[in-house]
Structures are given as structure tokens and as C-alpha cells.
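**Student:** Before we start, here is the structure in question, set down as C-alpha cells.
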Amino acid sequence: MVKCRRCRLQPGFSAATGSAMPIAPTLRSYRSDDRAAVVRLWHDAWHDGHGTVLPAHVVAERTLESFDLRLEPLEAGCLVAEVEGRIMGFSAIEGNEIDQLYVAREARGTGLAAALLTATETSLARRGIRDAAIQCSAGNDRAHRFYARAGWRDSGVRQAPIWTPDGRHETHPTHIFVKQLSSLD
Ligand SMILES: CC(C)(COP(=O)(O)OP(=O)(O)OC[C@H]1O[C@@H](n2cnc3c(N)ncnc32)[C@H](O)[C@@H]1OP(=O)(O)O)[C@@H](O)C(=O)NCCC(=O)NCCS
């Protein structure tokens, strides 16, 4: 895999092997003082994953402020992945779903996302969830491969609602990934 010059300067990249080196993050619950960092990360990573996948008018509406607005109701179910005091990933759960999972560009390919996904699955299992789900926009191929590799099953594509700032109804073809979580009893 070809890496950009910027990646080569980052600690997660191994010049010897040409691939990202594993990063073992600290995984913890979200705190209110994480807010600005999480909003920034969510905004930037969302655009990486969806910027060329969703219609341009939807992408244009996903401003920094829109993510700030949406974070508040999710805060109680958020986890963050921290490396040397810097937030490099965050997830949020809602009901039986992993509602959000985003990793900073420089931490992709390092295993940090897999560690965060496992911790998020555990968090759902602790709440008694057995049948878990994740939605993945059609066209977000990297996320699709990532979930499939982590043992999630693509149960098919449906037209799922997407968030809009004025609450109007818009949909996008979305893969619904499912996984049976083990009981923690
Ligand atoms: C999705 C995400 C969390 C996955 O974390 P990651 O560290 O990138 O995941 P990994 O590198 O471990 O795995 C990604 C897989 O996609 C592959 N991949 C890498 N670039 C790709 C691309 N451009 N297209 C398709 N697949 C790609 C990798 O090779 C790997 O598959 P493999 O294990 O079969 O080789 C991360 O990329 C991210 O935050 N993306 C932006 C936000 C996003 O889309 N979030 C998910 C919303 S549902």
C-alpha cells in the first residue's frame, strides 16, 4: 500500500515495513472536557469516510457545528481511544447499535480501530445487548472491509434515513451489519 509523505512522518508508520505500526490506545469513557477534540475528530473522519459517498448537498451541511449539536445526546454512550493524551478515536452506542465509530487519519491501519470496536462491543454486551447492529453507508468501502474482518455480517442494503440539519427526510443505501455478542454473565 502506498503511503503519503505525511504518513511517513508519523509515529505509527514504519519506514522499514512500509505499513502502519500497531498502536495500543487507552480506552476510556468520554468526559465533558473531550468535547472539542471529539467534535473535530468526528467531523474530519466523517468527511474522509463519506465526503465522496453521500450527495454533495448533504456533505456541505456536515459542518463542525452540526457535529457539536449531535454529540450531546450521545455523550453518555461514548468511548474514546487516547494515545499519549490525544484522542485518536471515538465511538457511540445507541440502543443495540454502534451508532458512530471514527478514527483519526494517522491512526488508521494501526489496530486502534479494532481495539475501539472490541471495547464498544463489550460496552453493548454489558448493557445486555445480544443482537448488535452497525450501519455502513454504501460506498464506504474501507469501513465495510473493516467490519467484515471483525466478524460482523452484512445482512443487506436498505434505504436508511440520514441526518439533516432541518430534519427533512433523506435516505441513502446503507449496509446493515449484524453481530451476535457473547453474554458476559
Ligand atoms: C472505518 C475505520 C474506523 C476503520 O479503521 P482502520 O484503522 O482504517 O481499519 P483497518 O485499516 O484495520 O481496516 C480497513 C480495511 O479496509 C482496507 N482498506 C484500506 N483502504 C481502503 C480503501 N480505500 N478502500 C477499501 N478498503 C480499504 C484495509 O486494507 C483493511 O482491509 P483488510 O484488513 O481486509 O486488508 C477508519 O478507516 C475510519 O475512521 N474511517 C473514516 C470514518 C468512517 O468511515 N467511519 C465508519 C463509519 S460507519
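Within each chain, counting starts at residue 1; across the C-alpha cells, chains are named A, B, ... in the order shown, with ligands numbered 1 upward in that order.
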Residues within 7 Å of A:Pro161, please, as a list in words. Count only C-alpha atoms; anything in the same chain fewer than 3 positions from it doesn't count.

**Tutor:**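 Within the cut-off, the hits are His169, Glu170, Thr171 and His172 of chain A.
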
**Student:** Would you mind exporting C-alpha atoms of the selected residues as a JSON list (two decimals), in the first residue's frame?

**Tutor:**
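Result went into selection-v7.json, see below:
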```json
[["chain", "number", "residue", "atom", "x", "y", "z"],
["A", 169, "HIS", "CA", -36.33, 13.17, 5.18],
["A", 170, "GLU", "CA", -33.37, 11.93, 3.16],
["A", 171, "THR", "CA", -32.12, 8.39, 2.71],
["A", 172, "HIS", "CA", -29.03, 6.65, 1.40]]
```

**Student:** For ligand 1, return the neighbouring residues as a short mmCIF file (atom, residue, chain, number, x, y, z; two decimals) with C-alpha atoms, in the first residue's frame (distance at most 10 Å; only C-alpha atoms and all ligand atoms).

**Tutor:**
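Generated file (selection.cif):
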```
data_model
loop_
_atom_site.label_atom_id
_atom_site.label_comp_id
_atom_site.auth_asym_id
_atom_site.auth_seq_id
_atom_site.Cartn_x
_atom_site.Cartn_y
_atom_site.Cartn_z
CA MET A 1 0.00 0.00 0.00
CA ALA A 20 1.48 1.31 9.93
CA PRO A 22 0.37 -1.19 15.86
CA LEU A 41 -12.20 14.18 15.04
CA TRP A 42 -15.78 13.18 14.19
CA HIS A 43 -16.08 16.00 11.62
CA ASP A 44 -12.77 15.25 9.90
CA ALA A 45 -13.16 11.45 9.87
CA TRP A 46 -16.80 11.63 8.78
CA HIS A 47 -15.75 13.66 5.75
CA ASP A 48 -12.98 11.15 4.98
CA GLY A 49 -15.46 8.26 5.05
CA HIS A 50 -18.47 9.93 3.44
CA GLY A 51 -17.29 13.02 1.55
CA MET A 88 -7.44 9.36 18.20
CA GLY A 89 -10.80 7.58 18.06
CA PHE A 90 -14.31 7.69 19.42
CA SER A 91 -17.42 5.54 19.33
CA ILE A 98 -22.82 1.06 17.39
CA ASP A 99 -24.06 4.42 16.20
CA GLN A 100 -20.68 6.04 15.48
CA LEU A 101 -17.09 4.82 15.14
CA TYR A 102 -14.39 7.17 13.91
CA VAL A 103 -10.62 7.08 13.97
CA ALA A 104 -8.13 9.86 13.18
CA ARG A 105 -6.36 9.52 9.84
CA GLU A 106 -2.94 8.92 11.35
CA ALA A 107 -4.25 6.06 13.50
CA ARG A 108 -5.86 4.11 10.64
CA GLY A 109 -4.32 0.78 9.85
CA THR A 110 -2.71 0.58 13.29
CA GLY A 111 -5.22 -1.68 15.07
CA LEU A 112 -6.55 1.21 17.15
CA ALA A 113 -9.94 1.00 15.41
CA ALA A 114 -10.17 -2.74 16.11
CA ALA A 115 -9.40 -2.18 19.80
CA LEU A 116 -12.05 0.54 19.96
CA LEU A 117 -14.59 -1.67 18.18
CA ILE A 134 -23.91 -1.15 12.72
CA GLN A 135 -24.98 0.88 9.70
CA CYS A 136 -22.40 1.48 6.99
CA SER A 137 -23.13 3.76 4.04
CA ALA A 138 -22.85 2.02 0.68
CA GLY A 139 -19.62 3.20 -0.90
CA ASN A 140 -17.67 3.47 2.36
CA ASP A 141 -15.54 0.54 1.28
CA ARG A 142 -12.85 0.82 3.93
CA ALA A 143 -15.37 0.72 6.77
CA HIS A 144 -17.17 -2.17 5.05
CA ARG A 145 -13.99 -4.26 4.94
CA PHE A 146 -13.09 -3.32 8.49
CA TYR A 147 -16.44 -4.51 9.93
CA ALA A 148 -16.45 -7.70 7.83
CA ARG A 149 -12.95 -8.56 9.06
CA ALA A 150 -14.08 -8.01 12.65
CA THR A 174 -26.87 1.54 3.75
CA HIS A 175 -25.40 -1.85 4.64
CA ILE A 176 -26.78 -3.19 7.92
CA PHE A 177 -24.06 -5.17 9.67
#
```

**Student:** Output as a VMD selection string all residues of stretch 24-98 of chain A that backbone DSSP marks as helix (DSSP H, G or I).

**Tutor:** chain A and resid 32 to 50 56 to 61 64 to 77

**Student:** Write the selection just made, keeping N, CA and C atoms, as a CSV table (one decimal), in the first residue's frame?

**Tutor:**
```
chain,number,residue,atom,x,y,z
A,32,SER,N,-16.7,15.3,29.7
A,32,SER,CA,-17.2,16.5,29.0
A,32,SER,C,-16.0,17.4,28.5
A,33,ASP,N,-14.8,17.3,29.1
A,33,ASP,CA,-13.7,18.1,28.5
A,33,ASP,C,-13.1,17.5,27.2
A,34,ASP,N,-13.6,16.4,26.8
A,34,ASP,CA,-13.2,15.8,25.5
A,34,ASP,C,-14.0,16.4,24.3
A,35,ARG,N,-15.0,17.2,24.6
A,35,ARG,CA,-15.9,17.6,23.6
A,35,ARG,C,-15.3,18.2,22.3
A,36,ALA,N,-14.5,19.2,22.5
A,36,ALA,CA,-13.9,19.9,21.3
A,36,ALA,C,-13.1,18.9,20.5
A,37,ALA,N,-12.3,18.1,21.1
A,37,ALA,CA,-11.4,17.1,20.4
A,37,ALA,C,-12.3,16.1,19.6
A,38,VAL,N,-13.3,15.6,20.3
A,38,VAL,CA,-14.2,14.6,19.7
A,38,VAL,C,-15.0,15.2,18.5
A,39,VAL,N,-15.5,16.4,18.7
A,39,VAL,CA,-16.2,17.0,17.6
A,39,VAL,C,-15.3,17.2,16.3
A,40,ARG,N,-14.1,17.7,16.6
A,40,ARG,CA,-13.1,17.9,15.5
A,40,ARG,C,-12.8,16.5,14.8
A,41,LEU,N,-12.5,15.5,15.6
A,41,LEU,CA,-12.2,14.2,15.0
A,41,LEU,C,-13.4,13.6,14.2
A,42,TRP,N,-14.6,13.7,14.8
A,42,TRP,CA,-15.8,13.2,14.2
A,42,TRP,C,-16.0,13.9,12.8
A,43,HIS,N,-15.9,15.2,12.9
A,43,HIS,CA,-16.1,16.0,11.6
A,43,HIS,C,-15.1,15.5,10.5
A,44,ASP,N,-13.8,15.5,10.9
A,44,ASP,CA,-12.8,15.2,9.9
A,44,ASP,C,-12.9,13.8,9.4
A,45,ALA,N,-13.1,12.9,10.3
A,45,ALA,CA,-13.2,11.4,9.9
A,45,ALA,C,-14.5,11.2,9.1
A,46,TRP,N,-15.5,11.8,9.5
A,46,TRP,CA,-16.8,11.6,8.8
A,46,TRP,C,-16.6,12.0,7.3
A,47,HIS,N,-16.0,13.2,7.1
A,47,HIS,CA,-15.8,13.7,5.7
A,47,HIS,C,-14.8,12.7,5.0
A,48,ASP,N,-13.8,12.1,5.7
A,48,ASP,CA,-13.0,11.2,5.0
A,48,ASP,C,-13.8,10.0,4.5
A,49,GLY,N,-14.7,9.5,5.4
A,49,GLY,CA,-15.5,8.3,5.1
A,49,GLY,C,-16.6,8.5,4.1
A,50,HIS,N,-17.2,9.7,4.2
A,50,HIS,CA,-18.5,9.9,3.4
A,50,HIS,C,-18.4,11.0,2.4
A,56,ALA,N,-23.5,15.8,-2.6
A,56,ALA,CA,-22.7,17.0,-2.2
A,56,ALA,C,-23.5,17.9,-1.3
A,57,HIS,N,-24.8,18.0,-1.5
A,57,HIS,CA,-25.6,18.9,-0.6
A,57,HIS,C,-25.6,18.4,0.8
A,58,VAL,N,-25.6,17.1,1.0
A,58,VAL,CA,-25.6,16.5,2.3
A,58,VAL,C,-24.2,16.8,3.0
A,59,VAL,N,-23.2,16.5,2.2
A,59,VAL,CA,-21.8,16.7,2.7
A,59,VAL,C,-21.6,18.2,3.2
A,60,ALA,N,-22.1,19.1,2.4
A,60,ALA,CA,-21.9,20.5,2.7
A,60,ALA,C,-22.6,20.9,4.0
A,61,GLU,N,-23.6,20.2,4.4
A,61,GLU,CA,-24.3,20.5,5.6
A,61,GLU,C,-23.6,20.0,6.9
A,64,LEU,N,-18.7,21.6,11.3
A,64,LEU,CA,-18.2,21.4,12.7
A,64,LEU,C,-19.4,21.6,13.7
A,65,GLU,N,-20.1,22.6,13.5
A,65,GLU,CA,-21.3,23.0,14.4
A,65,GLU,C,-22.3,21.8,14.4
A,66,SER,N,-22.5,21.2,13.3
A,66,SER,CA,-23.5,20.2,13.2
A,66,SER,C,-23.1,19.0,14.0
A,67,PHE,N,-21.8,18.7,14.1
A,67,PHE,CA,-21.4,17.5,14.9
A,67,PHE,C,-21.4,17.9,16.4
A,68,ASP,N,-21.2,19.1,16.7
A,68,ASP,CA,-21.2,19.6,18.1
A,68,ASP,C,-22.7,19.4,18.6
A,69,LEU,N,-23.6,19.8,17.7
A,69,LEU,CA,-25.0,19.7,18.1
A,69,LEU,C,-25.4,18.2,18.3
A,70,ARG,N,-24.9,17.3,17.5
A,70,ARG,CA,-25.3,15.9,17.5
A,70,ARG,C,-24.7,15.1,18.6
A,71,LEU,N,-23.5,15.7,19.2
A,71,LEU,CA,-22.8,14.9,20.1
A,71,LEU,C,-23.5,14.8,21.5
A,72,GLU,N,-24.1,15.9,21.9
A,72,GLU,CA,-24.7,15.9,23.2
A,72,GLU,C,-25.6,14.7,23.6
A,73,PRO,N,-26.6,14.4,22.8
A,73,PRO,CA,-27.4,13.3,23.2
A,73,PRO,C,-26.7,11.9,23.2
A,74,LEU,N,-25.5,11.9,22.6
A,74,LEU,CA,-24.8,10.6,22.5
A,74,LEU,C,-23.7,10.4,23.6
A,75,GLU,N,-23.5,11.5,24.3
A,75,GLU,CA,-22.3,11.6,25.2
A,75,GLU,C,-22.3,10.4,26.2
A,76,ALA,N,-23.4,10.1,26.8
A,76,ALA,CA,-23.4,9.0,27.8
A,76,ALA,C,-23.0,7.7,27.3
A,77,GLY,N,-23.1,7.4,26.0
A,77,GLY,CA,-22.7,6.1,25.4
A,77,GLY,C,-21.4,6.2,24.6
```

**Student:** What residues in stretch 53-180 of chain A get the DSSP label strand (DSSP E)? Please answer as a ChimeraX atom specification.

**Tutor:** /A:78-83,86-94,97-103,131-137,153-161,171-180

**Student:** Let me make sure I understand: among A:Thr63, A:Ala132, A:Arg28, A:Thr122, which one has the smallest atom-to-atom distance to A:Gly85 if we use only C-alpha atoms?

**Tutor:** A:Arg28

**Student:** In terms of the shortest atom-to-atom distance over only C-alpha atoms, which of A:Arg62, A:Lys179, A:Arg126, A:Arg86 is closest to A:Thr164?

**Tutor:**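 Closest to A:Thr164 of all the choices is A:Arg62.
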
**Student:** Can you tell me how far atom CA of A:Ala92 sits from atom CA of A:Met21, in Å to one decimal?

**Tutor:** 25.6 Å

**Student:** Here is a test: counting only C-alpha atoms, which residue of A:Leu79, A:Ile87, A:Gly151, A:Gly156 is nearest to A:Ser123?

**Tutor:**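 Between A:Leu79, A:Ile87, A:Gly151, A:Gly156, the residue approaching A:Ser123 most closely is A:Leu79.
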